[in-house]
file protein_11.cif (mmCIF, C-alpha atoms)
data_protein
loop_
_atom_site.label_atom_id
_atom_site.label_comp_id
_atom_site.auth_asym_id
_atom_site.auth_seq_id
_atom_site.Cartn_x
_atom_site.Cartn_y
_atom_site.Cartn_z
CA MET L 1 236.56 -13.67 -54.83
CA ARG L 2 239.75 -13.88 -56.85
CA TRP L 3 238.64 -17.03 -58.70
CA MET L 4 235.45 -15.29 -59.84
CA ARG L 5 237.39 -12.41 -61.34
CA ALA L 6 239.82 -14.81 -62.97
CA ALA L 7 237.03 -17.05 -64.25
CA GLY L 8 235.48 -14.10 -65.98
CA ARG L 9 238.81 -13.34 -67.64
CA ALA L 10 239.17 -16.94 -68.78
CA LEU L 11 235.72 -16.94 -70.31
CA LEU L 12 236.82 -14.03 -72.44
CA VAL L 13 240.08 -15.73 -73.36
CA GLY L 14 238.17 -18.87 -74.27
CA ALA L 15 235.95 -16.97 -76.69
CA VAL L 16 238.93 -16.22 -78.93
CA VAL L 17 239.82 -19.88 -79.16
CA LEU L 18 236.27 -20.94 -79.84
CA ALA L 19 236.35 -19.20 -83.18
CA GLY L 20 238.74 -21.89 -84.34
CA TYR L 21 236.06 -24.53 -83.91
CA ALA L 22 233.53 -22.91 -86.18
CA GLY L 23 234.30 -25.12 -89.14
CA PHE L 24 233.84 -28.40 -87.27
CA GLY L 25 230.07 -28.30 -87.60
CA VAL L 26 229.54 -30.27 -84.37
CA ARG L 27 226.01 -30.12 -83.04
CA ALA L 28 224.34 -31.86 -80.12
CA ASP L 29 221.20 -31.73 -78.05
CA ALA L 30 221.17 -29.49 -75.01
CA GLY L 31 220.39 -30.81 -71.58
CA ALA L 32 217.07 -28.99 -71.76
CA ALA L 33 214.55 -30.63 -74.04
CA SER L 34 214.54 -27.91 -76.68
CA GLY L 35 216.88 -28.15 -79.66
CA ALA L 36 216.49 -24.45 -80.41
CA ARG L 37 219.49 -22.60 -81.76
CA GLY L 38 220.26 -18.94 -81.98
CA PRO L 39 221.84 -16.01 -80.15
CA LEU L 40 223.12 -16.52 -76.63
CA THR L 41 223.89 -14.52 -73.55
CA LEU L 42 226.76 -15.67 -71.37
CA VAL L 43 226.81 -14.22 -67.85
CA THR L 44 229.76 -14.14 -65.49
CA ALA L 45 231.43 -11.99 -62.89
CA GLY L 46 233.10 -9.02 -64.51
CA ASP L 47 236.74 -8.26 -65.05
CA LEU L 48 239.14 -6.85 -67.63
CA THR L 49 236.48 -5.42 -69.96
CA ASP L 50 239.20 -4.03 -72.24
CA TYR L 51 239.35 -7.51 -73.74
CA LEU L 52 235.65 -7.59 -74.57
CA PRO L 53 235.28 -5.91 -78.02
CA PRO L 54 237.86 -7.94 -79.99
CA LEU L 55 236.85 -11.21 -78.33
CA LEU L 56 233.19 -10.78 -79.10
CA ASP L 57 234.01 -9.73 -82.66
CA ASP L 58 235.96 -12.97 -83.19
CA TRP L 59 233.18 -15.13 -81.80
CA ASN L 60 230.36 -13.37 -83.63
CA ASP L 61 232.22 -13.42 -86.96
CA ALA L 62 232.56 -17.20 -86.67
CA HIS L 63 228.98 -17.81 -85.47
CA PRO L 64 226.73 -15.29 -87.22
CA ASP L 65 223.56 -17.23 -86.35
CA GLU L 66 224.54 -17.92 -82.74
CA ARG L 67 225.95 -14.59 -81.66
CA VAL L 68 227.05 -14.41 -78.03
CA THR L 69 226.63 -11.38 -75.83
CA LEU L 70 228.72 -11.44 -72.68
CA VAL L 71 227.09 -9.89 -69.62
CA GLU L 72 229.57 -9.00 -66.89
CA LEU L 73 228.14 -8.61 -63.42
CA PRO L 74 229.92 -6.95 -60.48
CA ASP L 75 233.34 -8.15 -59.40
CA SER L 76 232.05 -9.30 -56.00
CA ALA L 77 230.95 -12.95 -55.88
CA ASP L 78 228.09 -12.04 -53.53
CA GLU L 79 226.85 -9.32 -55.88
CA THR L 80 227.16 -11.63 -58.89
CA ARG L 81 225.13 -14.32 -57.16
CA ALA L 82 222.46 -11.83 -56.06
CA GLN L 83 222.02 -10.41 -59.55
CA MET L 84 221.92 -13.83 -61.17
CA ILE L 85 219.27 -14.99 -58.71
CA SER L 86 217.20 -11.85 -59.24
CA GLU L 87 217.09 -12.47 -63.00
CA LEU L 88 216.45 -16.20 -62.67
CA ARG L 89 213.61 -15.71 -60.20
CA SER L 90 211.97 -13.21 -62.52
CA GLY L 91 211.46 -15.87 -65.19
CA ARG L 92 213.01 -13.64 -67.83
CA ASP L 93 215.18 -15.19 -70.53
CA ARG L 94 218.04 -12.70 -70.35
CA PHE L 95 220.66 -15.34 -69.51
CA ASP L 96 221.36 -18.56 -71.42
CA VAL L 97 224.69 -19.83 -70.05
CA LEU L 98 225.77 -19.03 -66.49
CA ASN L 99 229.29 -19.20 -65.10
CA ILE L 100 228.61 -20.03 -61.46
CA ASP L 101 230.67 -20.77 -58.38
CA VAL L 102 230.83 -24.51 -57.79
CA ALA L 103 229.13 -23.99 -54.42
CA TRP L 104 226.03 -22.51 -56.07
CA THR L 105 225.20 -25.51 -58.24
CA SER L 106 223.06 -27.29 -55.64
CA GLU L 107 221.17 -24.12 -54.74
CA PHE L 108 220.44 -23.19 -58.37
CA ALA L 109 219.45 -26.77 -59.24
CA ALA L 110 217.13 -27.20 -56.25
CA ALA L 111 215.41 -23.92 -57.10
CA GLY L 112 214.81 -24.99 -60.70
CA TRP L 113 216.86 -22.12 -62.13
CA ILE L 114 219.18 -24.33 -64.22
CA SER L 115 218.33 -27.30 -66.43
CA PRO L 116 219.60 -30.86 -66.06
CA LEU L 117 222.15 -31.83 -68.69
CA ARG L 118 222.72 -35.12 -70.47
CA ARG L 119 225.81 -36.82 -69.09
CA ASP L 120 226.59 -38.44 -72.46
CA ARG L 121 226.74 -35.00 -74.07
CA PHE L 122 230.01 -34.13 -72.34
CA PRO L 123 233.26 -36.16 -71.94
CA LEU L 124 233.10 -36.26 -68.17
CA ASP L 125 235.50 -39.20 -67.99
CA ALA L 126 238.22 -36.91 -69.35
CA PHE L 127 237.85 -34.52 -66.40
CA LEU L 128 239.57 -34.75 -63.04
CA ARG L 129 237.21 -37.03 -61.14
CA PRO L 130 236.29 -34.85 -58.12
CA VAL L 131 235.35 -31.81 -60.20
CA VAL L 132 232.38 -33.62 -61.74
CA ASP L 133 230.85 -34.03 -58.28
CA THR L 134 230.61 -30.25 -57.93
CA ALA L 135 228.31 -30.17 -60.96
CA THR L 136 225.79 -32.71 -59.70
CA PHE L 137 222.77 -32.53 -57.40
CA ASP L 138 220.46 -35.36 -56.38
CA GLY L 139 222.34 -37.69 -58.70
CA ARG L 140 221.82 -35.56 -61.82
CA LEU L 141 224.21 -33.41 -63.84
CA TYR L 142 223.17 -29.75 -63.68
CA ALA L 143 226.34 -28.09 -64.94
CA VAL L 144 229.70 -28.85 -66.51
CA PRO L 145 232.99 -28.12 -64.73
CA TYR L 146 234.85 -25.27 -66.39
CA VAL L 147 237.61 -24.13 -64.02
CA THR L 148 238.76 -25.95 -60.94
CA ASN L 149 240.78 -24.92 -57.92
CA ALA L 150 242.25 -26.54 -54.84
CA GLY L 151 244.14 -25.18 -51.90
CA MET L 152 247.89 -25.75 -51.60
CA LEU L 153 250.44 -25.07 -48.87
CA TYR L 154 253.05 -22.53 -49.93
CA TYR L 155 256.28 -22.57 -47.92
CA ARG L 156 259.56 -20.70 -47.79
CA LYS L 157 261.90 -23.24 -49.36
CA ASP L 158 264.98 -21.17 -48.63
CA VAL L 159 264.20 -21.08 -44.91
CA LEU L 160 263.40 -24.79 -44.60
CA ASP L 161 266.49 -25.71 -46.63
CA ARG L 162 268.63 -23.61 -44.30
CA GLU L 163 267.13 -25.49 -41.34
CA GLY L 164 267.56 -28.88 -43.02
CA GLU L 165 263.80 -29.46 -42.89
CA GLU L 166 261.33 -30.92 -45.39
CA PRO L 167 257.98 -29.18 -45.97
CA PRO L 168 255.32 -30.36 -43.50
CA ARG L 169 253.17 -33.39 -44.26
CA THR L 170 251.19 -33.39 -41.00
CA TRP L 171 249.57 -30.84 -38.71
CA GLU L 172 252.19 -31.67 -36.09
CA ASP L 173 254.98 -30.87 -38.57
CA LEU L 174 253.29 -27.62 -39.56
CA ALA L 175 252.72 -26.51 -35.96
CA ARG L 176 256.28 -27.33 -34.90
CA GLN L 177 257.94 -25.58 -37.83
CA ALA L 178 255.62 -22.57 -37.70
CA ARG L 179 256.09 -22.22 -33.94
CA THR L 180 259.87 -22.75 -33.75
CA ILE L 181 261.42 -21.85 -37.11
CA ALA L 182 259.36 -18.83 -38.15
CA PRO L 183 260.35 -16.60 -35.18
CA ARG L 184 264.06 -17.19 -35.86
CA TYR L 185 263.63 -15.47 -39.22
CA GLY L 186 261.25 -12.76 -38.07
CA LEU L 187 258.31 -14.44 -39.83
CA ASP L 188 254.72 -15.21 -38.89
CA GLY L 189 254.11 -18.94 -38.88
CA TYR L 190 250.99 -19.72 -40.88
CA ALA L 191 248.03 -18.00 -42.48
CA GLY L 192 244.98 -18.96 -44.43
CA GLN L 193 241.82 -16.99 -45.15
CA PHE L 194 240.36 -16.43 -41.70
CA LEU L 195 238.20 -13.32 -42.04
CA PRO L 196 234.50 -14.27 -41.65
CA TYR L 197 233.56 -14.68 -45.34
CA GLU L 198 233.46 -17.58 -47.79
CA GLY L 199 237.18 -18.15 -47.43
CA LEU L 200 236.76 -19.03 -43.77
CA THR L 201 234.13 -21.62 -44.67
CA VAL L 202 236.63 -23.15 -47.09
CA ASN L 203 239.45 -23.25 -44.52
CA VAL L 204 237.21 -24.78 -41.85
CA THR L 205 235.80 -27.36 -44.26
CA GLU L 206 239.34 -28.36 -45.20
CA ALA L 207 240.33 -28.78 -41.55
CA VAL L 208 237.22 -30.84 -40.75
CA HIS L 209 237.57 -33.13 -43.78
CA SER L 210 241.33 -33.51 -43.28
CA ALA L 211 240.53 -34.89 -39.82
CA GLY L 212 238.09 -37.38 -41.34
CA GLY L 213 234.89 -35.48 -40.56
CA SER L 214 232.26 -33.59 -42.51
CA ILE L 215 229.76 -30.79 -42.00
CA LEU L 216 226.78 -32.18 -43.91
CA ARG L 217 226.22 -35.57 -45.46
CA ASP L 218 226.99 -35.56 -49.20
CA ASP L 219 223.35 -35.05 -50.18
CA GLY L 220 222.86 -32.30 -47.60
CA ALA L 221 220.18 -34.32 -45.83
CA ARG L 222 221.91 -34.77 -42.46
CA VAL L 223 224.10 -32.64 -40.23
CA THR L 224 227.31 -34.48 -39.37
CA VAL L 225 229.49 -31.79 -37.81
CA ASP L 226 229.05 -32.77 -34.15
CA SER L 227 231.73 -35.47 -34.28
CA ASP L 228 235.16 -36.15 -32.82
CA ALA L 229 236.75 -35.58 -36.24
CA ALA L 230 235.06 -32.23 -36.76
CA ARG L 231 236.07 -31.13 -33.27
CA ALA L 232 239.67 -32.13 -34.06
CA GLY L 233 239.62 -30.00 -37.20
CA LEU L 234 238.33 -26.97 -35.32
CA ARG L 235 240.86 -27.57 -32.56
CA SER L 236 243.75 -27.51 -35.03
CA LEU L 237 242.83 -23.93 -35.96
CA ALA L 238 242.16 -22.79 -32.41
CA ASP L 239 245.45 -24.24 -31.21
CA GLY L 240 247.32 -22.31 -33.87
CA VAL L 241 245.94 -19.03 -32.55
CA ARG L 242 246.40 -20.00 -28.90
CA ASP L 243 250.00 -21.12 -29.45
CA GLY L 244 250.85 -18.08 -31.56
CA TRP L 245 251.84 -19.72 -34.86
CA ILE L 246 248.67 -18.30 -36.41
CA SER L 247 248.95 -14.57 -35.78
CA ARG L 248 245.99 -12.45 -34.72
CA GLU L 249 246.60 -10.37 -37.84
CA ALA L 250 245.82 -13.43 -39.97
CA LEU L 251 242.27 -13.47 -38.55
CA GLY L 252 241.60 -10.51 -40.85
CA TYR L 253 243.04 -12.07 -44.02
CA LYS L 254 241.20 -12.86 -47.23
CA GLU L 255 242.93 -14.32 -50.31
CA GLU L 256 244.72 -11.16 -51.33
CA GLU L 257 245.83 -10.04 -47.87
CA SER L 258 247.32 -13.46 -47.17
CA ARG L 259 248.98 -13.62 -50.60
CA GLN L 260 250.54 -10.21 -50.06
CA ALA L 261 251.87 -11.20 -46.64
CA PHE L 262 253.58 -14.25 -48.14
CA GLN L 263 254.81 -12.40 -51.23
CA ASP L 264 256.25 -9.63 -49.04
CA GLY L 265 258.29 -12.20 -47.13
CA ARG L 266 256.32 -12.05 -43.88
CA LEU L 267 255.06 -15.66 -43.71
CA LEU L 268 256.68 -19.06 -43.45
CA PHE L 269 253.55 -20.96 -44.55
CA LEU L 270 250.42 -19.96 -46.50
CA ARG L 271 247.31 -21.84 -47.49
CA ASN L 272 245.95 -20.36 -50.73
CA TRP L 273 244.85 -21.09 -54.31
CA PRO L 274 247.13 -21.85 -57.30
CA TYR L 275 247.04 -18.28 -58.66
CA VAL L 276 249.48 -17.32 -55.90
CA TYR L 277 252.28 -19.29 -57.59
CA ALA L 278 252.46 -16.95 -60.56
CA ASP L 279 252.10 -13.80 -58.47
CA ALA L 280 254.75 -14.85 -55.96
CA SER L 281 257.12 -15.76 -58.79
CA ALA L 282 256.74 -12.44 -60.60
CA GLU L 283 259.33 -9.70 -60.78
CA GLY L 284 259.23 -7.60 -57.62
CA SER L 285 258.12 -10.44 -55.36
CA LYS L 286 260.41 -10.80 -52.35
CA VAL L 287 260.01 -14.59 -52.41
CA ALA L 288 260.47 -15.20 -56.15
CA GLY L 289 262.56 -18.35 -56.58
CA ARG L 290 262.56 -18.95 -52.83
CA PHE L 291 259.33 -20.85 -52.21
CA GLY L 292 257.60 -24.11 -53.04
CA ALA L 293 254.13 -25.65 -52.86
CA VAL L 294 252.90 -28.98 -51.48
CA PRO L 295 249.49 -30.48 -50.71
CA LEU L 296 247.83 -29.30 -47.51
CA PRO L 297 248.87 -31.33 -44.46
CA GLY L 298 246.48 -33.35 -42.32
CA PRO L 299 246.63 -35.16 -38.97
CA ASP L 300 248.62 -38.14 -40.26
CA GLY L 301 249.73 -37.14 -43.76
CA PRO L 302 248.42 -35.12 -46.68
CA GLY L 303 245.11 -33.48 -45.87
CA THR L 304 242.02 -32.59 -47.85
CA SER L 305 241.44 -29.44 -49.87
CA VAL L 306 238.10 -27.94 -50.80
CA LEU L 307 237.33 -27.64 -54.49
CA GLY L 308 236.97 -24.15 -55.83
CA GLY L 309 236.35 -22.97 -59.35
CA SER L 310 233.30 -22.50 -61.51
CA ASN L 311 230.78 -24.54 -63.48
CA LEU L 312 228.85 -23.68 -66.63
CA ALA L 313 225.09 -24.19 -66.50
CA VAL L 314 222.15 -23.64 -68.85
CA SER L 315 219.37 -21.44 -67.52
CA SER L 316 215.98 -23.13 -67.33
CA HIS L 317 214.69 -20.11 -69.29
CA ALA L 318 217.39 -20.30 -71.97
CA ARG L 319 216.14 -19.24 -75.38
CA HIS L 320 218.43 -21.55 -77.33
CA PRO L 321 219.48 -24.52 -75.17
CA ALA L 322 221.14 -26.46 -77.99
CA SER L 323 223.45 -23.56 -78.81
CA ALA L 324 224.10 -23.16 -75.09
CA ALA L 325 225.20 -26.80 -74.82
CA ASP L 326 227.53 -26.33 -77.78
CA LEU L 327 229.12 -23.31 -76.15
CA ILE L 328 229.68 -25.26 -72.92
CA SER L 329 231.13 -28.16 -74.89
CA TYR L 330 233.64 -25.90 -76.61
CA LEU L 331 234.60 -24.09 -73.42
CA THR L 332 235.40 -27.43 -71.78
CA SER L 333 237.16 -29.02 -74.78
CA GLU L 334 240.82 -29.89 -74.35
CA ARG L 335 242.02 -27.24 -76.79
CA VAL L 336 240.17 -24.45 -75.00
CA GLN L 337 241.11 -25.78 -71.58
CA ARG L 338 244.77 -25.62 -72.56
CA GLN L 339 244.30 -21.97 -73.50
CA ILE L 340 242.52 -21.30 -70.22
CA LEU L 341 245.67 -22.40 -68.42
CA THR L 342 248.26 -20.77 -70.69
CA LYS L 343 246.43 -17.50 -71.34
CA GLY L 344 244.04 -17.25 -68.41
CA SER L 345 246.36 -18.70 -65.72
CA LEU L 346 243.49 -20.81 -64.42
CA PRO L 347 243.48 -24.50 -63.42
CA PRO L 348 241.76 -26.54 -66.15
CA VAL L 349 239.39 -29.45 -65.54
CA ARG L 350 240.87 -31.76 -68.20
CA ALA L 351 243.00 -34.44 -66.51
CA ALA L 352 245.42 -34.97 -69.41
CA LEU L 353 246.70 -31.40 -69.18
CA TYR L 354 248.14 -32.07 -65.73
CA GLU L 355 250.43 -34.74 -67.19
CA ASP L 356 251.60 -32.77 -70.23
CA PRO L 357 255.42 -32.39 -69.97
CA GLU L 358 255.44 -29.05 -71.80
CA LEU L 359 252.84 -27.59 -69.46
CA ILE L 360 254.59 -28.96 -66.37
CA ARG L 361 257.81 -27.24 -67.43
CA ALA L 362 255.91 -23.96 -67.73
CA TYR L 363 253.76 -24.54 -64.62
CA PRO L 364 255.81 -26.66 -62.19
CA TYR L 365 253.04 -26.68 -59.58
CA LEU L 366 250.71 -28.75 -61.81
CA PRO L 367 251.59 -32.16 -60.26
CA THR L 368 250.97 -30.77 -56.75
CA LEU L 369 247.73 -29.17 -57.88
CA ARG L 370 246.61 -32.42 -59.49
CA GLN L 371 247.26 -34.30 -56.26
CA SER L 372 245.37 -31.64 -54.31
CA VAL L 373 242.37 -31.73 -56.66
CA LEU L 374 242.18 -35.53 -56.67
CA SER L 375 241.99 -35.59 -52.87
CA ALA L 376 239.66 -32.59 -52.63
CA VAL L 377 235.99 -32.41 -51.67
CA PRO L 378 233.19 -30.01 -52.59
CA ARG L 379 231.87 -27.57 -50.04
CA PRO L 380 228.74 -28.77 -48.19
CA LYS L 381 225.95 -29.37 -50.70
CA SER L 382 222.73 -27.64 -49.72
CA PRO L 383 219.89 -25.78 -51.44
CA ARG L 384 220.51 -23.15 -48.73
CA TYR L 385 224.25 -23.11 -49.01
CA ASP L 386 224.53 -19.36 -48.38
CA GLN L 387 222.96 -19.82 -44.93
CA VAL L 388 225.08 -22.88 -44.21
CA SER L 389 228.22 -20.91 -45.03
CA LEU L 390 227.21 -17.98 -42.84
CA ALA L 391 226.64 -20.33 -39.90
CA VAL L 392 230.04 -21.97 -40.39
CA GLN L 393 231.74 -18.57 -40.56
CA ALA L 394 230.10 -17.27 -37.39
CA VAL L 395 230.98 -20.35 -35.35
CA ALA L 396 234.52 -20.60 -36.72
CA GLN L 397 235.15 -16.94 -35.94
CA ASP L 398 234.30 -17.55 -32.30
CA VAL L 399 236.55 -20.64 -32.18
CA MET L 400 239.54 -18.84 -33.66
CA ALA L 401 238.96 -15.82 -31.44
CA LEU L 402 239.07 -18.33 -28.53
CA ARG L 403 235.59 -17.33 -27.38
CA GLN L 404 234.27 -20.89 -27.71
CA THR L 405 235.88 -24.28 -27.37
CA PRO L 406 235.81 -26.68 -30.33
CA GLU L 407 233.38 -28.86 -28.37
CA GLN L 408 230.98 -25.97 -27.79
CA ALA L 409 231.36 -24.80 -31.38
CA ALA L 410 230.62 -28.18 -32.97
CA ALA L 411 227.47 -28.60 -30.86
CA ARG L 412 226.34 -25.06 -31.64
CA LEU L 413 226.95 -25.49 -35.37
CA ALA L 414 224.99 -28.74 -35.38
CA ARG L 415 222.04 -26.92 -33.77
CA GLU L 416 222.20 -24.03 -36.23
CA LEU L 417 222.54 -26.26 -39.30
CA GLY L 418 219.71 -28.58 -38.28
CA PRO L 419 216.90 -26.42 -39.68
CA LEU L 420 218.93 -25.84 -42.86
CA SER L 421 219.44 -29.52 -43.69
CA ARG L 422 217.09 -31.12 -46.17
CA LYS L 423 215.61 -33.34 -43.47
CA GLY L 424 215.43 -30.51 -40.93
#
call {"tool": "encode", "arguments": {"input": "protein_11.cif", "output": "C-alpha cells"}}
result
Amino acid sequence: MRWMRAAGRALLVGAVVLAGYAGFGVRADAGAASGARGPLTLVTAGDLTDYLPPLLDDWNDAHPDERVTLVELPDSADETRAQMISELRSGRDRFDVLNIDVAWTSEFAAAGWISPLRRDRFPLDAFLRPVVDTATFDGRLYAVPYVTNAGMLYYRKDVLDREGEEPPRTWEDLARQARTIAPRYGLDGYAGQFLPYEGLTVNVTEAVHSAGGSILRDDGARVTVDSDAARAGLRSLADGVRDGWISREALGYKEEESRQAFQDGRLLFLRNWPYVYADASAEGSKVAGRFGAVPLPGPDGPGTSVLGGSNLAVSSHARHPASAADLISYLTSERVQRQILTKGSLPPVRAALYEDPELIRAYPYLPTLRQSVLSAVPRPKSPRYDQVSLAVQAVAQDVMALRQTPEQAAARLARELGPLSRKG
C-alpha cells in the first residue's frame, strides 16, 4: 500500500528531527511495566533505503545509550504484516517499536503482541479526535497515532467550471455529473480502488458508513451489515457500474492505477488519499492546476471516509520499553509531526497543524483533509480483521461485477462474518 511505503519514509525523516530533542532530557514510563532503557529496534515497511545511513548516524550520535536500528520489511503491506506476526509469535525480542497499519491494532492487541500504553503519557487531546480511536482496543490504548489518512474526492475543476457546476456533495450529484458531463469531455466518470484487495474494503466501508450503516459493531462483537443502510451503500457502487459512470476498467484499479488515470486526464472524479494532491500537481501532470478536492459525498451531503495511516506500538517483548515510549513520544510531538508533513508529505495527527496558515498556503488541501478526518471512521475492529477484510472484498467484487444484488450480498456477508465476530 502507498501509505505503508510513505510511512516508512516518514519514519526515516522523523529520525533526523529527533536528534534535536536530545538535550531536553525528557523521560517517562513506557506503557509496559518495565522502565528499562537501552538500544531499540524500530520496524516498518521498507522504502527509500538511500536515506538510512545519514539518518541513523544522526540519531545514534544524539542517543549513544539508546541507539536505534531501523528494520525495513518488504514494501508490500501483506508481507510486512506477515513478517511482523512471525517475529511476534516467536516470542523473540527483535522488535521494540512497530509501525503498524491502523487496521492491525485490534488484531495485534487481542493476540497479546503489543503492550497497553498509559494514556496520560501522550498528549492525545492534541490529536485529531478520530485518529485516537484507531489506536484503542477494548477500551485501552495499545498504540499512538503517527500518520493519518482519509479519502477525498478529486474532481476536474476546469471541466465543472466550464459547465457552471459545483463539485458534488451528494451521491445523486456525483452520479448525475459523472454520467452526463464526463462523456462530453471524453472522460470516465468516477473511480476508486475497486480491485479485490484492502482498498476495496476501504471503499465499501466508506459507502456503507456514508449511508448510515456499519459492518461490525464498534467492538467487533456483533455483525451489523445486513441492514437497509448497508444495502444502500452497496447499491450506490453497483448502480455506478450498471449505469456506466463507473467504468469496468476501474474494477481493476488500486491506488496507483486510479491516481494515474486521473493524473493522465482520463477521469472526472477520483476517490483517493491525500498523497494524490502533490502528484497530480507536479510538473508533467496533465491536470496540474486544473483540479480540486472536496470531502467524499454521501446520500444527503458529505459522506464518511475511512481512516488510513499508521500507529506506533511497543512490542510486548520489547527489551527497553521506556526508551520505546520516548521514541514514540518524539515521533508524535508537534515539531516532528510538522516535519512529517513538510518533508515526508504525510498527513500528521496533530490537530493544530491543520489550522496553521503557513502550512495551509503550502498545502491548500489541509482544510478539506481535516474535515474528512474529523468525519472519518476506522475500519471494522476485529481480532481477525484480515479474514473480515477478505470476506468484504469477495462479496463486494460480486456486487460490482453485478453477479449478486445488494440484498443478496448483505445477507451473504452477514453469514460469512458471523463466525468471525467476537460473539460468533
call {"tool": "closest_residue", "arguments": {"input": "protein_11.cif", "among": "L:Ile85, L:Val314, L:Val102, L:Met152", "to": "Leu40 (chain L)", "atoms": "only C-alpha atoms"}}
result
L:Val314
call {"tool": "closest_residue", "arguments": {"input": "protein_11.cif", "among": "L:Arg370, L:Arg338, L:Arg169, L:Arg89", "to": "Ser315 (chain L)", "atoms": "all atoms listed in the file"}}
result
L:Arg89
call {"tool": "residues_around", "arguments": {"input": "protein_11.cif", "residues": "Glu416 (chain L)", "least_positions_apart": "4", "cutoff": "10 Å", "atoms": "only C-alpha atoms", "output": "PyMOL selection string"}}
result
chain L and resi 223+387-388+391-392+395+410-412+420-421
call {"tool": "closest_residue", "arguments": {"input": "protein_11.cif", "among": "L:Trp113, L:Trp273, L:Tyr154, L:Phe137", "to": "Val202 (chain L)", "atoms": "all atoms listed in the file"}}
result
L:Trp273
call {"tool": "residues_around", "arguments": {"input": "protein_11.cif", "residues": "Ser345 (chain L)", "least_positions_apart": "2", "cutoff": "9 Å", "atoms": "only C-alpha atoms", "output": "PyMOL selection string"}}
result
chain L and resi 6+10+275+278+339-343+347
call {"tool": "resolve_selection", "arguments": {"input": "protein_11.cif", "expression": "the PyMOL selection byres ((chain L and resi 405) around 12)", "output": "compact mmCIF listing (two decimals) with C-alpha atoms, in the frame of the given file"}}
result
# COMPACT_ATOMS: atom_id res chain seq x y z
CA ARG L 231 236.07 -31.13 -33.27
CA ALA L 232 239.67 -32.13 -34.06
CA GLY L 233 239.62 -30.00 -37.20
CA LEU L 234 238.33 -26.97 -35.32
CA ARG L 235 240.86 -27.57 -32.56
CA SER L 236 243.75 -27.51 -35.03
CA LEU L 237 242.83 -23.93 -35.96
CA ALA L 238 242.16 -22.79 -32.41
CA ASP L 239 245.45 -24.24 -31.21
CA ARG L 242 246.40 -20.00 -28.90
CA VAL L 395 230.98 -20.35 -35.35
CA ALA L 396 234.52 -20.60 -36.72
CA GLN L 397 235.15 -16.94 -35.94
CA ASP L 398 234.30 -17.55 -32.30
CA VAL L 399 236.55 -20.64 -32.18
CA MET L 400 239.54 -18.84 -33.66
CA ALA L 401 238.96 -15.82 -31.44
CA LEU L 402 239.07 -18.33 -28.53
CA ARG L 403 235.59 -17.33 -27.38
CA GLN L 404 234.27 -20.89 -27.71
CA PRO L 406 235.81 -26.68 -30.33
CA GLU L 407 233.38 -28.86 -28.37
CA GLN L 408 230.98 -25.97 -27.79
CA ALA L 409 231.36 -24.80 -31.38
CA ALA L 410 230.62 -28.18 -32.97
CA ALA L 411 227.47 -28.60 -30.86
CA ARG L 412 226.34 -25.06 -31.64
call {"tool": "closest_residue", "arguments": {"input": "protein_11.cif", "among": "L:His317, L:Arg121, L:Arg361, L:Arg350", "to": "Arg335 (chain L)", "atoms": "all atoms listed in the file"}}
result
L:Arg350
call {"tool": "residues_around", "arguments": {"input": "protein_11.cif", "residues": "Trp104 (chain L)", "least_positions_apart": "4", "cutoff": "8 Å", "atoms": "only C-alpha atoms", "output": "VMD selection string"}}
result
chain L and resid 100 108 385
call {"tool": "atom_distance", "arguments": {"input": "protein_11.cif", "atom1": "CA of Ala135 (chain L)", "atom2": "CA of Leu195 (chain L)"}}
result
27.2 Å
call {"tool": "atom_distance", "arguments": {"input": "protein_11.cif", "atom1": "CA of Pro196 (chain L)", "atom2": "CA of Gln393 (chain L)"}}
result
5.2 Å
call {"tool": "closest_residue", "arguments": {"input": "protein_11.cif", "among": "L:Phe122, L:Asn311, L:Tyr365, L:Ser372", "to": "Ser281 (chain L)", "atoms": "all atoms listed in the file"}}
result
L:Tyr365
call {"tool": "resolve_selection", "arguments": {"input": "protein_11.cif", "expression": "the PyMOL selection byres ((chain L and resi 323) around 10)", "output": "number ranges by chain"}}
result
L: 27-30, 35-40, 65-68, 96-97, 318-322, 324-329
call {"tool": "closest_residue", "arguments": {"input": "protein_11.cif", "among": "L:Thr180, L:Arg119, L:Phe127, L:Gln371", "to": "Arg140 (chain L)", "atoms": "all atoms listed in the file"}}
result
L:Arg119
call {"tool": "resolve_selection", "arguments": {"input": "protein_11.cif", "expression": "the PyMOL selection byres ((chain L and resi 183) around 12)", "output": "PyMOL selection string"}}
result
chain L and resi 159+176-182+184-190+244-247+266-268
call {"tool": "write_last_selection", "arguments": {"input": "protein_11.cif", "atoms": "C-alpha atoms", "output": "short mmCIF file (atom, residue, chain, number, x, y, z; two decimals), keeping the file's coordinate frame"}}
result
data_model
loop_
_atom_site.label_atom_id
_atom_site.label_comp_id
_atom_site.auth_asym_id
_atom_site.auth_seq_id
_atom_site.Cartn_x
_atom_site.Cartn_y
_atom_site.Cartn_z
CA VAL L 159 264.20 -21.08 -44.91
CA ARG L 176 256.28 -27.33 -34.90
CA GLN L 177 257.94 -25.58 -37.83
CA ALA L 178 255.62 -22.57 -37.70
CA ARG L 179 256.09 -22.22 -33.94
CA THR L 180 259.87 -22.75 -33.75
CA ILE L 181 261.42 -21.85 -37.11
CA ALA L 182 259.36 -18.83 -38.15
CA ARG L 184 264.06 -17.19 -35.86
CA TYR L 185 263.63 -15.47 -39.22
CA GLY L 186 261.25 -12.76 -38.07
CA LEU L 187 258.31 -14.44 -39.83
CA ASP L 188 254.72 -15.21 -38.89
CA GLY L 189 254.11 -18.94 -38.88
CA TYR L 190 250.99 -19.72 -40.88
CA GLY L 244 250.85 -18.08 -31.56
CA TRP L 245 251.84 -19.72 -34.86
CA ILE L 246 248.67 -18.30 -36.41
CA SER L 247 248.95 -14.57 -35.78
CA ARG L 266 256.32 -12.05 -43.88
CA LEU L 267 255.06 -15.66 -43.71
CA LEU L 268 256.68 -19.06 -43.45
#
call {"tool": "residues_near_point", "arguments": {"input": "protein_11.cif", "point": "(238.8, -16.8, -46.3)", "cutoff": "12 Å", "atoms": "only C-alpha atoms", "output": "PyMOL selection string"}}
result
chain L and resi 1-2+151+191-206+250-259+271-273+389+392-393+396-397
